[in-house]
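Enquirer: The structure that follows is given in the form of structure tokens.
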Amino acid sequence: MTDWNNKRPEMVKNVSTLGIWKAIYAAPDGNKETARLLVAADGFHFKPTDFDDLVLPSLSFESTKGTRYELSFDDDGKLLINGIEYLTTKLKLSSPNGTVFSVVVDDDGKLTTEKEVSNA
């Protein structure tokens, strides 16, 4: 019997079956009696092993205004947004009493802080 929980069964040429009757089922060993349900009227029946070799080169998101953003990684593992390396440009720190300061770096690498002004 096929162990669906620990690894995805290998497909067997001229034996494996993907069937559609009242649902979509898979039988890599060709045995319809032990086939696994994939999609039925009550939804999808996937298992983690179904995604063992899933590779996503990027993910696309859309803002509420319809602007599309693509997230991906370069070969060094750096996060890219629309193909551009994501860099943190604003750093804010809080003092013990809760005052918020922005950290600023100039072109020579000198760090300074600026107190945040509340518009409240």
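By convention here, the chains of the structure tokens are called A, B, ... in the order presented, each chain's residues are numbered starting at 1, and ligands are numbered starting at 1 in the order presented.
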Compile the contact shell of Phe51 of chain A as number ranges by chain: residues with an atom at most 12 Å away, counting only C-alpha atoms, same-chain residues fewer than 4 positions apart removed.

Expert: A: 5-8, 46-47, 55-56

Enquirer: Determine which residues of segment 46-98 of chain A receive a DSSP assignment of helix (DSSP H, G or I), computed from the backbone, and state them as a PyMOL selection string.

Expert: chain A and resi 48-51

Enquirer: Take the residues from that selection and put them in a file with N, CA and C atoms, as a PDB file, in the first residue's frame.

Expert:
```
ATOM      1  N   PRO A  48       1.282  17.711   2.605  1.00  0.00           N
ATOM      2  CA  PRO A  48       2.563  18.404   2.471  1.00  0.00           C
ATOM      3  C   PRO A  48       3.502  17.748   1.454  1.00  0.00           C
ATOM      4  N   THR A  49       3.458  16.428   1.349  1.00  0.00           N
ATOM      5  CA  THR A  49       4.351  15.742   0.404  1.00  0.00           C
ATOM      6  C   THR A  49       4.024  16.081  -1.052  1.00  0.00           C
ATOM      7  N   ASP A  50       2.841  16.588  -1.316  1.00  0.00           N
ATOM      8  CA  ASP A  50       2.493  16.986  -2.682  1.00  0.00           C
ATOM      9  C   ASP A  50       3.317  18.180  -3.144  1.00  0.00           C
ATOM     10  N   PHE A  51       3.962  18.869  -2.208  1.00  0.00           N
ATOM     11  CA  PHE A  51       4.697  20.089  -2.524  1.00  0.00           C
ATOM     12  C   PHE A  51       6.194  19.951  -2.275  1.00  0.00           C
TER      13      PHE A  51
END
```

Enquirer: Extract, using only C-alpha atoms, all DNA, RNA and protein residues at most 8 Å from segment 88-104 of chain A, discarding same-chain residues fewer than 5 positions from it, and format them as a list in words.

Expert: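 In the requested form, the answer reads Leu111, Thr112, Thr113, Glu114, Lys115 and Glu116 of chain A.
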
Enquirer: As number ranges by chain, please: every residue in chain A that DSSP puts in strand (DSSP E or B).

Expert: A: 17-20, 24-27, 36-40, 43-44, 59-62, 68-73, 79-81, 84-85, 91-94, 100-105, 111-115

Enquirer: At a cut-off of 12 Å, using only C-alpha atoms, what residues contact Asn82 of chain A? Leave out same-chain residues fewer than 6 positions from it and give the result as a list of chain:residue names.

Expert: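 After dropping sequence-adjacent residues, the list is A:Ser58, A:Leu59, A:Ser60, A:Phe61, A:Thr67, A:Arg68, A:Tyr69, A:Glu70, A:Leu71, A:Ser72, A:Phe73, A:Asp74.
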
Enquirer: Next, write the just-selected residues to a file, as a PDB file, in the first residue's frame, keeping N, CA and C atoms as the atom set.

Expert:
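Saved as selection.pdb:
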```pdb
ATOM      1  N   SER A  58       9.184  33.561  -7.720  1.00  0.00           N
ATOM      2  CA  SER A  58       8.770  34.839  -7.156  1.00  0.00           C
ATOM      3  C   SER A  58       7.318  34.733  -6.721  1.00  0.00           C
ATOM      4  N   LEU A  59       6.907  35.700  -5.907  1.00  0.00           N
ATOM      5  CA  LEU A  59       5.513  35.829  -5.501  1.00  0.00           C
ATOM      6  C   LEU A  59       5.042  37.212  -5.904  1.00  0.00           C
ATOM      7  N   SER A  60       3.828  37.305  -6.407  1.00  0.00           N
ATOM      8  CA  SER A  60       3.268  38.597  -6.790  1.00  0.00           C
ATOM      9  C   SER A  60       2.134  38.960  -5.845  1.00  0.00           C
ATOM     10  N   PHE A  61       2.140  40.213  -5.418  1.00  0.00           N
ATOM     11  CA  PHE A  61       1.101  40.737  -4.559  1.00  0.00           C
ATOM     12  C   PHE A  61       0.528  41.975  -5.225  1.00  0.00           C
ATOM     13  N   THR A  67      -1.737  48.173  -7.574  1.00  0.00           N
ATOM     14  CA  THR A  67      -0.320  48.153  -7.920  1.00  0.00           C
ATOM     15  C   THR A  67       0.235  46.771  -7.632  1.00  0.00           C
ATOM     16  N   ARG A  68       0.954  46.191  -8.587  1.00  0.00           N
ATOM     17  CA  ARG A  68       1.493  44.847  -8.420  1.00  0.00           C
ATOM     18  C   ARG A  68       2.949  44.908  -7.962  1.00  0.00           C
ATOM     19  N   TYR A  69       3.273  44.069  -6.973  1.00  0.00           N
ATOM     20  CA  TYR A  69       4.627  43.973  -6.446  1.00  0.00           C
ATOM     21  C   TYR A  69       5.093  42.523  -6.542  1.00  0.00           C
ATOM     22  N   GLU A  70       6.337  42.336  -6.979  1.00  0.00           N
ATOM     23  CA  GLU A  70       6.908  40.996  -7.098  1.00  0.00           C
ATOM     24  C   GLU A  70       8.045  40.845  -6.096  1.00  0.00           C
ATOM     25  N   LEU A  71       7.952  39.814  -5.251  1.00  0.00           N
ATOM     26  CA  LEU A  71       9.000  39.520  -4.277  1.00  0.00           C
ATOM     27  C   LEU A  71       9.785  38.310  -4.745  1.00  0.00           C
ATOM     28  N   SER A  72      11.109  38.407  -4.675  1.00  0.00           N
ATOM     29  CA  SER A  72      11.975  37.295  -5.073  1.00  0.00           C
ATOM     30  C   SER A  72      13.298  37.433  -4.327  1.00  0.00           C
ATOM     31  N   PHE A  73      14.212  36.502  -4.597  1.00  0.00           N
ATOM     32  CA  PHE A  73      15.542  36.531  -3.981  1.00  0.00           C
ATOM     33  C   PHE A  73      16.591  36.415  -5.067  1.00  0.00           C
ATOM     34  N   ASP A  74      17.748  37.061  -4.860  1.00  0.00           N
ATOM     35  CA  ASP A  74      18.841  36.889  -5.813  1.00  0.00           C
ATOM     36  C   ASP A  74      19.672  35.681  -5.397  1.00  0.00           C
TER      37      ASP A  74
END
```

Enquirer: What separation in Å, quoted to one decimal, exists between atom CA of Phe44 of chain A and atom CA of Ala27 of chain A?

Expert: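 Taking atom CA of Phe44 of chain A and atom CA of Ala27 of chain A, their separation equals 16.3 Å.
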
Enquirer: Would you kindly return, as a count of residues only, each protein, DNA or RNA residue with an atom no farther than 9 Å from any atom of segment 18-24 of chain A, considering only C-alpha atoms and excluding same-chain residues fewer than 6 positions away?

Expert: 9

Enquirer: Could you state the separation of atom CA of Ile81 of chain A and atom CA of Pro57 of chain A in Å, given to one decimal place?

Expert: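 Between atom CA of Ile81 of chain A and atom CA of Pro57 of chain A the gap is 12.6 Å.
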
Enquirer: How many Å lie between atom CA of Asp107 of chain A and atom CA of Leu87 of chain A, rounded to one decimal?

Expert: 15.6 Å

Enquirer: Of the residues A:Gly43, A:Pro28, A:Gly109, A:Gly77, which is the one nearest to Met11 of chain A, using only C-alpha atoms?

Expert: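 The shortest atom-to-atom distance to Met11 of chain A comes from A:Pro28.
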